[in-house]
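Before any comments, here is the structure.
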Amino acid sequence: MDLARFVKRTDFSWEIPRRGDMRVPVVIYADETLLRAMDDKVGEQAINVACLPGIVEASYVMPDGHWGYGFPIGGVAAFDPAEGGVISAGGVGFDISCGVRALHTGLTRSEVEADATALADALYRSIPAGVGSTGRVHLDEREMDEMLRGGAQWAVARGYGLPADLARVEEHGCMDGADPACVSARARHRQRDEMGTLGSGNHYLEVQAVTAIYDAAAATAYGLALDEIVISLHCGSRGLGHQIGTEFLRDMAIEAPRHGIALPDRELACTPLGSPLGKAYLGAMRAAINCALANRQILTHLTREAVAGVFPEAVLSLLYDVSHNTCKEETHEAGGRRRRLFVHRKGATRAFGPGHPALPETLRATGQPVLIGGSMGTASYILAGVTASETLSFSSACHGAGRAMSRHAASRQWRGRQLVDELARRNILIRSPSLRGVAEEAPGAYKDVTQVVDAAERAGLARKVARLEPLVCVKG
Amino acid sequence: MAGPGSQVVPRWEHFSHEADIGLRGMGRTLAEAFEQAALALTAVIVDPADVATREQLQIRCEAPDDELLLVEWLNALIYEMATRRMLFGRFEVEIDAHRLHARAWGEPVEVARHQPTVEVKGATYTALRVAAEAQGVWLAQCVADV
């Protein structure tokens, strides 16, 4: 990225001041190296977002930001319905509510290392992963409606998981305001055989060891200790969310001119929050959030079954479940007053600070766990939300390392077999249906996750609690 | 008599995008460019040459303009691939006034044999372009979310 157009606010915060059609400035949180490495398209996309009606404060980009479509990945923007604010299907993305869920296991690193191959094989057998895979949960129309309304609460009621899990999921496992009637027959059909599947691309299940603790008090509150084994899942709303994204993006692109919205980029397709299409999208998107929460809940159940076959004594309790691609109605301070806003987070994590009423009581004093996913061979991090991020980013933080290289370039640079062998030499076992897929997801194709997380912490978006390193990865 | 596009060899290619993947089809006609863009879509997942073309499917879609029609066409294929668990290796497209009628030939996914790389979630409007270029080449391109 060309730094000439930025005003440096701090070492970790850079502003593109308002000009032209921008209604607010752009603010990118990153250190100088990360910012320089970002594609110029990230700045262009963030500027385009800053031009949308009803946006408040700023168009933000998290330190893992990279070139997306419409909004940049790592983009955060809040819109005020009272000021003509819009909702954008491109600002949420196709994989609605894609997110990470982390599970305690009660196992130690040495216990798992001794049986790592058996665990990897058991997980690979149990978790449907990759293109064309199907789950064993098939829903008729009535059950589909119940799932879309109930999310993880529906899944637990059907025996996929424990009631205690729900306190550790955003929205207590069920997004209010979901409207199954706004979900098309095609979206339902696309999901029919995909409940309880991991997907492909950057979706994974990882067995990870806690290798560093940065904040002992927060780690204790989260139940984390050195050498403990955690299992993390990264996946989303599968075909249902993809189809909802596809359909509403088209409808919003066609309808935008009727609302007098000039789109600097068709992919920014959006509609006023109060319009019938805006309300329909909110109803459908919230149903897709519930689909993602239900999907991660079913996968949790399958994970528990698989782990029990190798470690019968293990107790898998939920640490937390966060979503990345959402638009959520929240109350924030903006322009000197508390306002009801619709916060788009596309490839960004909500990161409520200590005391927030949405957090379960056991976590309220510490702040929301922020789960930062890794990339097969690299570390993952757990951070805690901080109070200051409310005014910096509407309580948002980064969501992962963020890609640094295209799939095309990655598949030219690495061979899947060679990567799997190299990682095995580092005692990281990869299980995947596609070696070409492994090459496209090579750890080297991502930014340095440690640098991203450090930048997020130094910018004041969240604070580091623990570092995790992979032992086993089931890659979709 | 040969037209200006008669020397054009229909082909597809991928172009670079940081997180996702660009699809580009080129041909002597709009329809041929759409056929090639569809092959580029398949090639995100698997080598199109590895797909047996033994089952046939009909696809129809329409849109207000040819650019939106390209996205509709690719999304229709993505939907059929996802719901039928199929891959497609050959396409015949006819287009008339932003209305498309196509036949696609393919087979069900066999993971062990095809080694499919990644699912495509949807075709986007990013880098979307459908146009007649110089030398009679029709171009149809966009970025797909993977």
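As shown in the structure tokens, the chain order sets the letters A, B, ...; within each chain, residues go from 1, and ligands are also counted from 1 in the order they appear.
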message = Residues near region 18-34 of chain A, anyone? I mean within 9 Å using only C-alpha atoms, not counting same-chain ones fewer than 4 positions away, as a VMD selection string.
response = chain A and resid 3 11 to 14 38 43 46 to 65 447 451 to 452 454 to 456 458 to 459 461
Produce a file of the selected residues containing N, CA, C and O atoms, as a compact mmCIF listing (two decimals), in the first residue's frame.
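Output (selection_1.txt):
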# COMPACT_ATOMS: atom_id res chain seq x y z
N LEU A 3 1.77 4.63 1.27
CA LEU A 3 1.47 5.29 2.55
C LEU A 3 1.27 6.80 2.39
O LEU A 3 0.90 7.47 3.36
N ASP A 11 1.53 4.61 16.04
CA ASP A 11 2.34 3.61 15.33
C ASP A 11 1.47 2.47 14.79
O ASP A 11 1.91 1.70 13.94
N PHE A 12 0.23 2.35 15.30
CA PHE A 12 -0.62 1.22 14.91
C PHE A 12 -1.98 1.67 14.39
O PHE A 12 -2.93 0.89 14.36
N SER A 13 -2.09 2.92 14.00
CA SER A 13 -3.37 3.44 13.53
C SER A 13 -3.11 4.49 12.45
O SER A 13 -2.38 5.46 12.67
N TRP A 14 -3.71 4.27 11.27
CA TRP A 14 -3.44 5.11 10.09
C TRP A 14 -4.75 5.56 9.50
O TRP A 14 -5.68 4.78 9.35
N MET A 38 -0.11 -4.50 2.60
CA MET A 38 -1.50 -4.62 2.13
C MET A 38 -1.61 -4.12 0.70
O MET A 38 -0.97 -3.13 0.33
N GLY A 43 -7.22 -0.25 0.55
CA GLY A 43 -7.52 1.17 0.77
C GLY A 43 -8.70 1.62 -0.09
O GLY A 43 -9.61 2.29 0.38
N ALA A 46 -11.93 0.21 1.30
CA ALA A 46 -12.31 0.88 2.55
C ALA A 46 -12.84 2.28 2.26
O ALA A 46 -13.78 2.75 2.92
N ILE A 47 -12.26 2.95 1.27
CA ILE A 47 -12.77 4.28 0.87
C ILE A 47 -14.18 4.15 0.30
O ILE A 47 -15.07 4.93 0.63
N ASN A 48 -14.41 3.14 -0.54
CA ASN A 48 -15.75 2.94 -1.10
C ASN A 48 -16.78 2.71 0.01
O ASN A 48 -17.91 3.21 -0.05
N VAL A 49 -16.40 1.95 1.03
CA VAL A 49 -17.30 1.71 2.17
C VAL A 49 -17.61 3.04 2.87
O VAL A 49 -18.75 3.29 3.28
N ALA A 50 -16.59 3.90 2.97
CA ALA A 50 -16.75 5.19 3.66
C ALA A 50 -17.74 6.10 2.93
O ALA A 50 -18.20 7.09 3.50
N CYS A 51 -18.08 5.77 1.69
CA CYS A 51 -19.02 6.58 0.90
C CYS A 51 -20.47 6.14 1.08
O CYS A 51 -21.38 6.79 0.56
N LEU A 52 -20.71 5.03 1.77
CA LEU A 52 -22.08 4.49 1.84
C LEU A 52 -22.96 5.33 2.78
O LEU A 52 -22.47 5.86 3.79
N PRO A 53 -24.25 5.42 2.48
CA PRO A 53 -25.15 6.25 3.29
C PRO A 53 -25.26 5.76 4.74
O PRO A 53 -25.33 4.55 4.99
N GLY A 54 -25.28 6.72 5.66
CA GLY A 54 -25.55 6.39 7.06
C GLY A 54 -24.39 5.80 7.83
O GLY A 54 -24.56 5.38 8.99
N ILE A 55 -23.19 5.73 7.22
CA ILE A 55 -22.03 5.18 7.94
C ILE A 55 -21.63 6.18 9.03
O ILE A 55 -21.73 7.40 8.82
N VAL A 56 -21.22 5.69 10.19
CA VAL A 56 -20.84 6.58 11.28
C VAL A 56 -19.39 6.35 11.68
O VAL A 56 -18.86 5.23 11.53
N GLU A 57 -18.76 7.39 12.17
CA GLU A 57 -17.41 7.42 12.72
C GLU A 57 -16.32 7.18 11.66
O GLU A 57 -15.58 8.08 11.34
N ALA A 58 -16.20 5.95 11.17
CA ALA A 58 -15.12 5.66 10.21
C ALA A 58 -15.36 4.31 9.54
O ALA A 58 -16.14 3.50 10.03
N SER A 59 -14.69 4.12 8.41
CA SER A 59 -14.63 2.80 7.78
C SER A 59 -13.33 2.16 8.26
O SER A 59 -12.24 2.65 7.95
N TYR A 60 -13.45 1.12 9.09
CA TYR A 60 -12.27 0.55 9.76
C TYR A 60 -11.74 -0.69 9.03
O TYR A 60 -12.51 -1.44 8.42
N VAL A 61 -10.43 -0.92 9.15
CA VAL A 61 -9.83 -2.16 8.67
C VAL A 61 -8.93 -2.71 9.78
O VAL A 61 -8.14 -1.97 10.36
N MET A 62 -9.08 -3.99 10.06
CA MET A 62 -8.31 -4.66 11.11
C MET A 62 -6.91 -5.03 10.58
O MET A 62 -6.68 -5.02 9.37
N PRO A 63 -5.99 -5.39 11.46
CA PRO A 63 -4.60 -5.62 11.01
C PRO A 63 -4.43 -6.81 10.05
O PRO A 63 -3.42 -6.90 9.36
N ASP A 64 -5.42 -7.73 10.03
CA ASP A 64 -5.34 -8.85 9.08
C ASP A 64 -6.03 -8.50 7.76
O ASP A 64 -6.28 -9.38 6.94
N GLY A 65 -6.32 -7.24 7.55
CA GLY A 65 -7.09 -6.83 6.38
C GLY A 65 -6.44 -7.24 5.06
O GLY A 65 -5.23 -7.18 4.91
N LYS A 447 -0.35 -14.03 6.18
CA LYS A 447 0.50 -13.08 6.91
C LYS A 447 1.03 -13.75 8.16
O LYS A 447 0.48 -14.77 8.61
N GLN A 451 2.56 -11.21 14.12
CA GLN A 451 2.66 -9.78 13.84
C GLN A 451 1.27 -9.13 13.82
O GLN A 451 1.09 -8.01 14.32
N VAL A 452 0.30 -9.86 13.25
CA VAL A 452 -1.08 -9.33 13.19
C VAL A 452 -1.65 -9.17 14.60
O VAL A 452 -2.23 -8.13 14.95
N ASP A 454 0.00 -8.98 17.48
CA ASP A 454 0.72 -7.93 18.21
C ASP A 454 0.21 -6.55 17.81
O ASP A 454 0.05 -5.66 18.65
N ALA A 455 -0.03 -6.37 16.50
CA ALA A 455 -0.52 -5.07 16.04
C ALA A 455 -1.91 -4.78 16.62
O ALA A 455 -2.20 -3.65 17.03
N ALA A 456 -2.76 -5.83 16.68
CA ALA A 456 -4.10 -5.64 17.25
C ALA A 456 -3.99 -5.24 18.73
O ALA A 456 -4.70 -4.33 19.19
N ARG A 458 -1.32 -3.83 20.28
CA ARG A 458 -0.69 -2.52 20.43
C ARG A 458 -1.63 -1.40 19.98
O ARG A 458 -1.55 -0.29 20.48
N ALA A 459 -2.53 -1.71 19.05
CA ALA A 459 -3.51 -0.70 18.62
C ALA A 459 -4.60 -0.50 19.67
O ALA A 459 -5.37 0.45 19.59
N LEU A 461 -7.02 -2.95 20.40
CA LEU A 461 -8.27 -3.60 20.00
C LEU A 461 -8.61 -4.78 20.91
O LEU A 461 -9.79 -5.12 21.07
message = Residues near region 66-72 of chain A, anyone? I mean within 7 Å using only C-alpha atoms, not counting same-chain ones fewer than 4 positions away, as a ChimeraX atom specification.
response = /A:38-39,41-42,45-46,49,90-91,265,267-268,402-403 /B:18-19,126
Residue subset to file, keeping N, CA and C atoms, as a short mmCIF file (atom, residue, chain, number, x, y, z; two decimals), in the first residue's frame:
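Written out: out.cif:
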data_model
loop_
_atom_site.label_atom_id
_atom_site.label_comp_id
_atom_site.auth_asym_id
_atom_site.auth_seq_id
_atom_site.Cartn_x
_atom_site.Cartn_y
_atom_site.Cartn_z
N MET A 38 -0.11 -4.50 2.60
CA MET A 38 -1.50 -4.62 2.13
C MET A 38 -1.61 -4.12 0.70
N ASP A 39 -2.47 -4.78 -0.08
CA ASP A 39 -2.70 -4.36 -1.46
C ASP A 39 -3.40 -2.99 -1.47
N LYS A 41 -5.71 -2.16 -3.15
CA LYS A 41 -7.15 -2.41 -3.26
C LYS A 41 -7.84 -2.35 -1.88
N VAL A 42 -7.12 -2.68 -0.80
CA VAL A 42 -7.72 -2.63 0.54
C VAL A 42 -8.13 -1.19 0.84
N GLN A 45 -11.11 -0.20 -1.35
CA GLN A 45 -12.37 -0.79 -0.89
C GLN A 45 -12.85 -0.11 0.38
N ALA A 46 -11.93 0.21 1.30
CA ALA A 46 -12.31 0.88 2.55
C ALA A 46 -12.84 2.28 2.26
N VAL A 49 -16.40 1.95 1.03
CA VAL A 49 -17.30 1.71 2.17
C VAL A 49 -17.61 3.04 2.87
N GLY A 90 -22.77 -7.64 0.60
CA GLY A 90 -21.34 -7.75 0.34
C GLY A 90 -20.51 -7.36 1.55
N GLY A 91 -21.12 -6.63 2.49
CA GLY A 91 -20.43 -6.25 3.72
C GLY A 91 -20.45 -7.35 4.75
N ASP A 265 -19.03 0.56 -6.45
CA ASP A 265 -18.63 -0.79 -6.82
C ASP A 265 -19.90 -1.64 -6.66
N GLU A 267 -20.33 -4.53 -6.06
CA GLU A 267 -20.22 -5.50 -4.97
C GLU A 267 -20.58 -4.88 -3.61
N LEU A 268 -20.66 -3.55 -3.57
CA LEU A 268 -21.09 -2.87 -2.35
C LEU A 268 -22.61 -2.81 -2.28
N GLY A 402 -5.01 -13.60 7.95
CA GLY A 402 -5.30 -12.87 6.71
C GLY A 402 -4.37 -13.35 5.61
N ARG A 403 -4.91 -13.54 4.43
CA ARG A 403 -4.08 -14.03 3.32
C ARG A 403 -3.10 -12.98 2.87
N GLU B 18 -6.21 -11.67 -4.21
CA GLU B 18 -5.49 -12.03 -2.99
C GLU B 18 -6.15 -13.19 -2.22
N ALA B 19 -7.47 -13.10 -2.03
CA ALA B 19 -8.13 -14.11 -1.20
C ALA B 19 -8.90 -15.12 -2.04
N THR B 126 -17.08 -8.54 -8.46
CA THR B 126 -15.74 -7.95 -8.48
C THR B 126 -15.03 -8.27 -9.79
#
Counting only C-alpha atoms, what is within 8 Å of region 40-44 of chain B, bar same-chain residues fewer than 3 positions away, as an mmCIF file with N, CA, C and O atoms, in the first residue's frame?
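And here is the file that came out, result-v9.cif:
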data_model
loop_
_atom_site.group_PDB
_atom_site.id
_atom_site.type_symbol
_atom_site.label_atom_id
_atom_site.label_comp_id
_atom_site.auth_asym_id
_atom_site.auth_seq_id
_atom_site.Cartn_x
_atom_site.Cartn_y
_atom_site.Cartn_z
ATOM 1 N N TRP B 12 -9.832 -20.346 -21.575
ATOM 2 C CA TRP B 12 -10.130 -19.763 -20.264
ATOM 3 C C TRP B 12 -8.826 -19.564 -19.518
ATOM 4 O O TRP B 12 -7.801 -20.169 -19.855
ATOM 5 N N GLU B 13 -8.864 -18.714 -18.496
ATOM 6 C CA GLU B 13 -7.711 -18.565 -17.613
ATOM 7 C C GLU B 13 -8.175 -18.077 -16.248
ATOM 8 O O GLU B 13 -9.305 -17.610 -16.095
ATOM 9 N N HIS B 14 -7.305 -18.238 -15.274
ATOM 10 C CA HIS B 14 -7.553 -17.661 -13.958
ATOM 11 C C HIS B 14 -6.707 -16.406 -13.821
ATOM 12 O O HIS B 14 -5.607 -16.346 -14.348
ATOM 13 N N ILE B 21 -10.449 -15.988 -6.341
ATOM 14 C CA ILE B 21 -9.828 -16.354 -7.620
ATOM 15 C C ILE B 21 -10.607 -15.746 -8.788
ATOM 16 O O ILE B 21 -11.840 -15.758 -8.782
ATOM 17 N N LEU B 23 -11.931 -15.536 -12.635
ATOM 18 C CA LEU B 23 -12.279 -16.442 -13.732
ATOM 19 C C LEU B 23 -12.395 -15.619 -15.014
ATOM 20 O O LEU B 23 -13.025 -14.556 -15.000
ATOM 21 N N ARG B 24 -11.821 -16.112 -16.103
ATOM 22 C CA ARG B 24 -11.906 -15.378 -17.366
ATOM 23 C C ARG B 24 -12.129 -16.361 -18.506
ATOM 24 O O ARG B 24 -11.387 -17.341 -18.636
ATOM 25 N N GLY B 25 -13.170 -16.103 -19.294
ATOM 26 C CA GLY B 25 -13.424 -16.911 -20.479
ATOM 27 C C GLY B 25 -13.325 -16.038 -21.711
ATOM 28 O O GLY B 25 -13.751 -14.877 -21.688
ATOM 29 N N GLN B 36 -16.501 -20.764 -21.798
ATOM 30 C CA GLN B 36 -15.110 -20.822 -21.312
ATOM 31 C C GLN B 36 -15.019 -20.356 -19.857
ATOM 32 O O GLN B 36 -14.229 -20.894 -19.082
ATOM 33 N N ALA B 37 -15.827 -19.348 -19.488
ATOM 34 C CA ALA B 37 -15.833 -18.892 -18.094
ATOM 35 C C ALA B 37 -16.297 -20.028 -17.178
ATOM 36 O O ALA B 37 -15.807 -20.191 -16.057
ATOM 37 N N ASP B 47 -9.236 -30.296 -12.544
ATOM 38 C CA ASP B 47 -8.881 -30.139 -13.959
ATOM 39 C C ASP B 47 -10.091 -30.561 -14.802
ATOM 40 O O ASP B 47 -10.521 -31.714 -14.703
ATOM 41 N N PRO B 48 -10.644 -29.650 -15.629
ATOM 42 C CA PRO B 48 -11.853 -30.005 -16.396
ATOM 43 C C PRO B 48 -11.662 -31.265 -17.243
ATOM 44 O O PRO B 48 -12.622 -32.000 -17.490
ATOM 45 N N LEU B 74 -22.914 -18.417 -13.697
ATOM 46 C CA LEU B 74 -21.928 -19.108 -12.865
ATOM 47 C C LEU B 74 -22.555 -19.533 -11.535
ATOM 48 O O LEU B 74 -22.283 -20.635 -11.032
ATOM 49 N N LEU B 87 -19.579 -32.410 -10.850
ATOM 50 C CA LEU B 87 -18.612 -31.554 -11.525
ATOM 51 C C LEU B 87 -18.984 -31.546 -13.001
ATOM 52 O O LEU B 87 -19.484 -32.553 -13.520
ATOM 53 N N PHE B 88 -18.737 -30.424 -13.670
ATOM 54 C CA PHE B 88 -19.075 -30.323 -15.091
ATOM 55 C C PHE B 88 -17.828 -30.034 -15.924
ATOM 56 O O PHE B 88 -16.992 -29.215 -15.542
ATOM 57 N N GLY B 89 -17.721 -30.710 -17.059
ATOM 58 C CA GLY B 89 -16.518 -30.568 -17.875
ATOM 59 C C GLY B 89 -16.771 -30.076 -19.282
ATOM 60 O O GLY B 89 -15.834 -29.872 -20.056
ATOM 61 N N THR B 117 -10.304 -29.452 -5.068
ATOM 62 C CA THR B 117 -9.493 -28.564 -4.243
ATOM 63 C C THR B 117 -10.312 -27.786 -3.235
ATOM 64 O O THR B 117 -10.014 -27.771 -2.056
ATOM 65 N N VAL B 118 -11.314 -27.091 -3.719
ATOM 66 C CA VAL B 118 -12.019 -26.142 -2.860
ATOM 67 C C VAL B 118 -13.416 -25.902 -3.426
ATOM 68 O O VAL B 118 -13.619 -25.955 -4.639
ATOM 69 N N VAL B 120 -16.571 -23.590 -4.428
ATOM 70 C CA VAL B 120 -16.796 -22.189 -4.775
ATOM 71 C C VAL B 120 -18.103 -21.773 -4.105
ATOM 72 O O VAL B 120 -19.128 -22.422 -4.274
#
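Residue nearest chain B, chosen from A:Ala181, A:Ala102, A:Ala445, A:Leu316 and counting only C-alpha atoms: A:Ala445.
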inquiry  = Among region 228-305 of chain A, which residues does DSSP mark as strand (DSSP E) when it is run on the backbone? Keep the chain and numbering as in the structure and answer as an MDAnalysis selection string.
reply    = chainID A and resid 228:235 270:272
key: Non-local contacts of Arg103 (chain B) (8 Å; only C-alpha atoms; under 3 positions in same chain excluded) as a list in words   = Gln56, Leu57, Gln58, Ile59, Phe91, Glu92 and Val93 of chain B
request  = Apply DSSP to the backbone of this structure and, from region 102-215 of chain A, keep only the residues in alpha helix (DSSP H); write these as JSON, numbers by chain.
outcome  = {"A": [109, 110, 111, 112, 113, 114, 116, 117, 118, 119, 120, 121, 122, 123, 124, 125, 126, 141, 142, 143, 144, 145, 146, 147, 148, 149, 150, 151, 152, 153, 154, 155, 156, 157, 185, 186, 187, 188, 189, 190, 191]}
Same residues, N, CA and C atoms, output as a compact mmCIF listing (two decimals), in the first residue's frame:
# COMPACT_ATOMS: atom_id res chain seq x y z
N ARG A 109 -0.58 -32.04 26.60
CA ARG A 109 0.16 -32.22 25.35
C ARG A 109 0.80 -33.60 25.28
N SER A 110 1.42 -34.04 26.36
CA SER A 110 2.12 -35.34 26.31
C SER A 110 1.12 -36.49 26.10
N GLU A 111 -0.04 -36.39 26.72
CA GLU A 111 -1.06 -37.44 26.54
C GLU A 111 -1.47 -37.53 25.08
N VAL A 112 -1.70 -36.39 24.47
CA VAL A 112 -2.20 -36.39 23.09
C VAL A 112 -1.08 -36.76 22.11
N GLU A 113 0.13 -36.28 22.35
CA GLU A 113 1.23 -36.61 21.44
C GLU A 113 1.45 -38.11 21.34
N ALA A 114 1.21 -38.80 22.43
CA ALA A 114 1.42 -40.25 22.43
C ALA A 114 0.43 -40.98 21.52
N ALA A 116 -1.35 -39.25 18.89
CA ALA A 116 -1.77 -38.21 17.93
C ALA A 116 -2.28 -38.82 16.62
N THR A 117 -1.63 -39.88 16.15
CA THR A 117 -2.05 -40.47 14.87
C THR A 117 -3.46 -41.05 14.99
N ALA A 118 -3.71 -41.75 16.09
CA ALA A 118 -5.05 -42.32 16.29
C ALA A 118 -6.10 -41.21 16.38
N LEU A 119 -5.74 -40.12 17.06
CA LEU A 119 -6.70 -39.01 17.20
C LEU A 119 -6.95 -38.36 15.84
N ALA A 120 -5.88 -38.14 15.08
CA ALA A 120 -6.04 -37.52 13.76
C ALA A 120 -6.95 -38.37 12.88
N ASP A 121 -6.71 -39.68 12.90
CA ASP A 121 -7.51 -40.57 12.05
C ASP A 121 -8.97 -40.61 12.50
N ALA A 122 -9.16 -40.62 13.82
CA ALA A 122 -10.54 -40.65 14.35
C ALA A 122 -11.30 -39.38 13.97
N LEU A 123 -10.64 -38.24 14.09
CA LEU A 123 -11.29 -36.97 13.75
C LEU A 123 -11.58 -36.91 12.25
N TYR A 124 -10.64 -37.38 11.44
CA TYR A 124 -10.82 -37.33 9.99
C TYR A 124 -11.98 -38.24 9.54
N ARG A 125 -12.13 -39.36 10.25
CA ARG A 125 -13.26 -40.25 9.94
C ARG A 125 -14.60 -39.61 10.33
N SER A 126 -14.61 -38.84 11.41
CA SER A 126 -15.88 -38.34 11.97
C SER A 126 -16.35 -37.02 11.38
N GLU A 141 -38.50 -29.91 5.88
CA GLU A 141 -38.82 -28.48 5.87
C GLU A 141 -39.09 -27.94 7.29
N ARG A 142 -39.83 -28.72 8.09
CA ARG A 142 -40.18 -28.22 9.43
C ARG A 142 -38.95 -28.12 10.31
N GLU A 143 -38.10 -29.15 10.23
CA GLU A 143 -36.88 -29.12 11.04
C GLU A 143 -35.93 -28.03 10.57
N MET A 144 -35.91 -27.79 9.26
CA MET A 144 -35.08 -26.70 8.72
C MET A 144 -35.53 -25.37 9.35
N ASP A 145 -36.84 -25.14 9.39
CA ASP A 145 -37.36 -23.91 10.01
C ASP A 145 -36.93 -23.82 11.47
N GLU A 146 -37.05 -24.94 12.18
CA GLU A 146 -36.69 -24.95 13.60
C GLU A 146 -35.21 -24.65 13.77
N MET A 147 -34.39 -25.22 12.91
CA MET A 147 -32.94 -25.00 12.99
C MET A 147 -32.64 -23.52 12.70
N LEU A 148 -33.30 -22.96 11.68
CA LEU A 148 -33.03 -21.57 11.30
C LEU A 148 -33.47 -20.59 12.38
N ARG A 149 -34.48 -20.99 13.16
CA ARG A 149 -34.93 -20.14 14.27
C ARG A 149 -34.08 -20.37 15.52
N GLY A 150 -33.61 -21.59 15.72
CA GLY A 150 -33.06 -21.96 17.02
C GLY A 150 -31.54 -22.03 17.11
N GLY A 151 -30.84 -22.15 15.99
CA GLY A 151 -29.39 -22.19 16.01
C GLY A 151 -28.82 -23.32 16.87
N ALA A 152 -27.81 -22.99 17.67
CA ALA A 152 -27.18 -24.02 18.51
C ALA A 152 -28.15 -24.52 19.57
N GLN A 153 -29.13 -23.68 19.95
CA GLN A 153 -30.14 -24.14 20.92
C GLN A 153 -30.95 -25.29 20.32
N TRP A 154 -31.28 -25.17 19.05
CA TRP A 154 -31.98 -26.26 18.35
C TRP A 154 -31.11 -27.51 18.37
N ALA A 155 -29.83 -27.34 18.05
CA ALA A 155 -28.94 -28.51 17.96
C ALA A 155 -28.83 -29.22 19.32
N VAL A 156 -28.69 -28.44 20.39
CA VAL A 156 -28.58 -29.04 21.72
C VAL A 156 -29.89 -29.76 22.07
N ALA A 157 -31.02 -29.15 21.74
CA ALA A 157 -32.31 -29.78 22.02
C ALA A 157 -32.46 -31.10 21.26
N ALA A 185 -36.16 -21.30 -1.17
CA ALA A 185 -36.17 -22.76 -1.34
C ALA A 185 -34.80 -23.25 -1.81
N ARG A 186 -34.14 -22.45 -2.66
CA ARG A 186 -32.82 -22.86 -3.18
C ARG A 186 -31.79 -22.88 -2.06
N ALA A 187 -31.84 -21.88 -1.17
CA ALA A 187 -30.89 -21.86 -0.05
C ALA A 187 -31.11 -23.06 0.85
N ARG A 188 -32.38 -23.38 1.11
CA ARG A 188 -32.69 -24.55 1.94
C ARG A 188 -32.21 -25.83 1.26
N HIS A 189 -32.46 -25.93 -0.03
CA HIS A 189 -32.08 -27.13 -0.77
C HIS A 189 -30.55 -27.33 -0.73
N ARG A 190 -29.83 -26.20 -0.84
CA ARG A 190 -28.37 -26.27 -0.85
C ARG A 190 -27.84 -26.76 0.51
N GLN A 191 -28.62 -26.54 1.57
CA GLN A 191 -28.17 -26.91 2.91
C GLN A 191 -28.62 -28.31 3.32
ask   = Taking only C-alpha atoms into account, what are the residues of chain B at most 10 Å from chain A, put as a PyMOL selection string?
value = chain B and resi 14-22+44-46+63-64+68+71-72+75+78-87+108-112+114-128+143-146
request  = Compile the contact shell of His234 (chain A) as a VMD selection string: residues with an atom at most 9 Å away, counting only C-alpha atoms, same-chain residues fewer than 4 positions apart removed.
outcome  = chain A and resid 98 to 102 198 202 to 206 296 373
Asp215 (chain A) environment, 9 Å, only C-alpha atoms, sequence neighbours closer than 5 positions dropped, as a tab-separated table (two decimals) with N, CA and C atoms, in the first residue's frame:
chain	number	residue	atom	x	y	z
A	220	THR	N	-6.68	-17.91	33.40
A	220	THR	CA	-7.37	-18.69	34.45
A	220	THR	C	-8.89	-18.55	34.27
A	463	ARG	N	-6.44	-7.75	24.04
A	463	ARG	CA	-5.14	-8.06	24.64
A	463	ARG	C	-4.88	-9.57	24.58
A	464	LYS	N	-3.60	-9.90	24.43
A	464	LYS	CA	-3.23	-11.31	24.25
A	464	LYS	C	-3.40	-12.08	25.55
A	465	VAL	N	-3.95	-13.28	25.43
A	465	VAL	CA	-4.11	-14.16	26.60
A	465	VAL	C	-3.26	-15.42	26.44
A	466	ALA	N	-3.37	-16.08	25.30
A	466	ALA	CA	-2.65	-17.35	25.13
A	466	ALA	C	-2.31	-17.59	23.67
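The two atoms in question, CA of Gly460 (chain A) and CA of Ala167 (chain A), are spaced 26.6 Å apart.
The residue that comes closest to Val230 (chain A), out of A:Arg467, A:Arg340, A:Arg136, A:Arg9 and on the basis of only C-alpha atoms, is A:Arg467.
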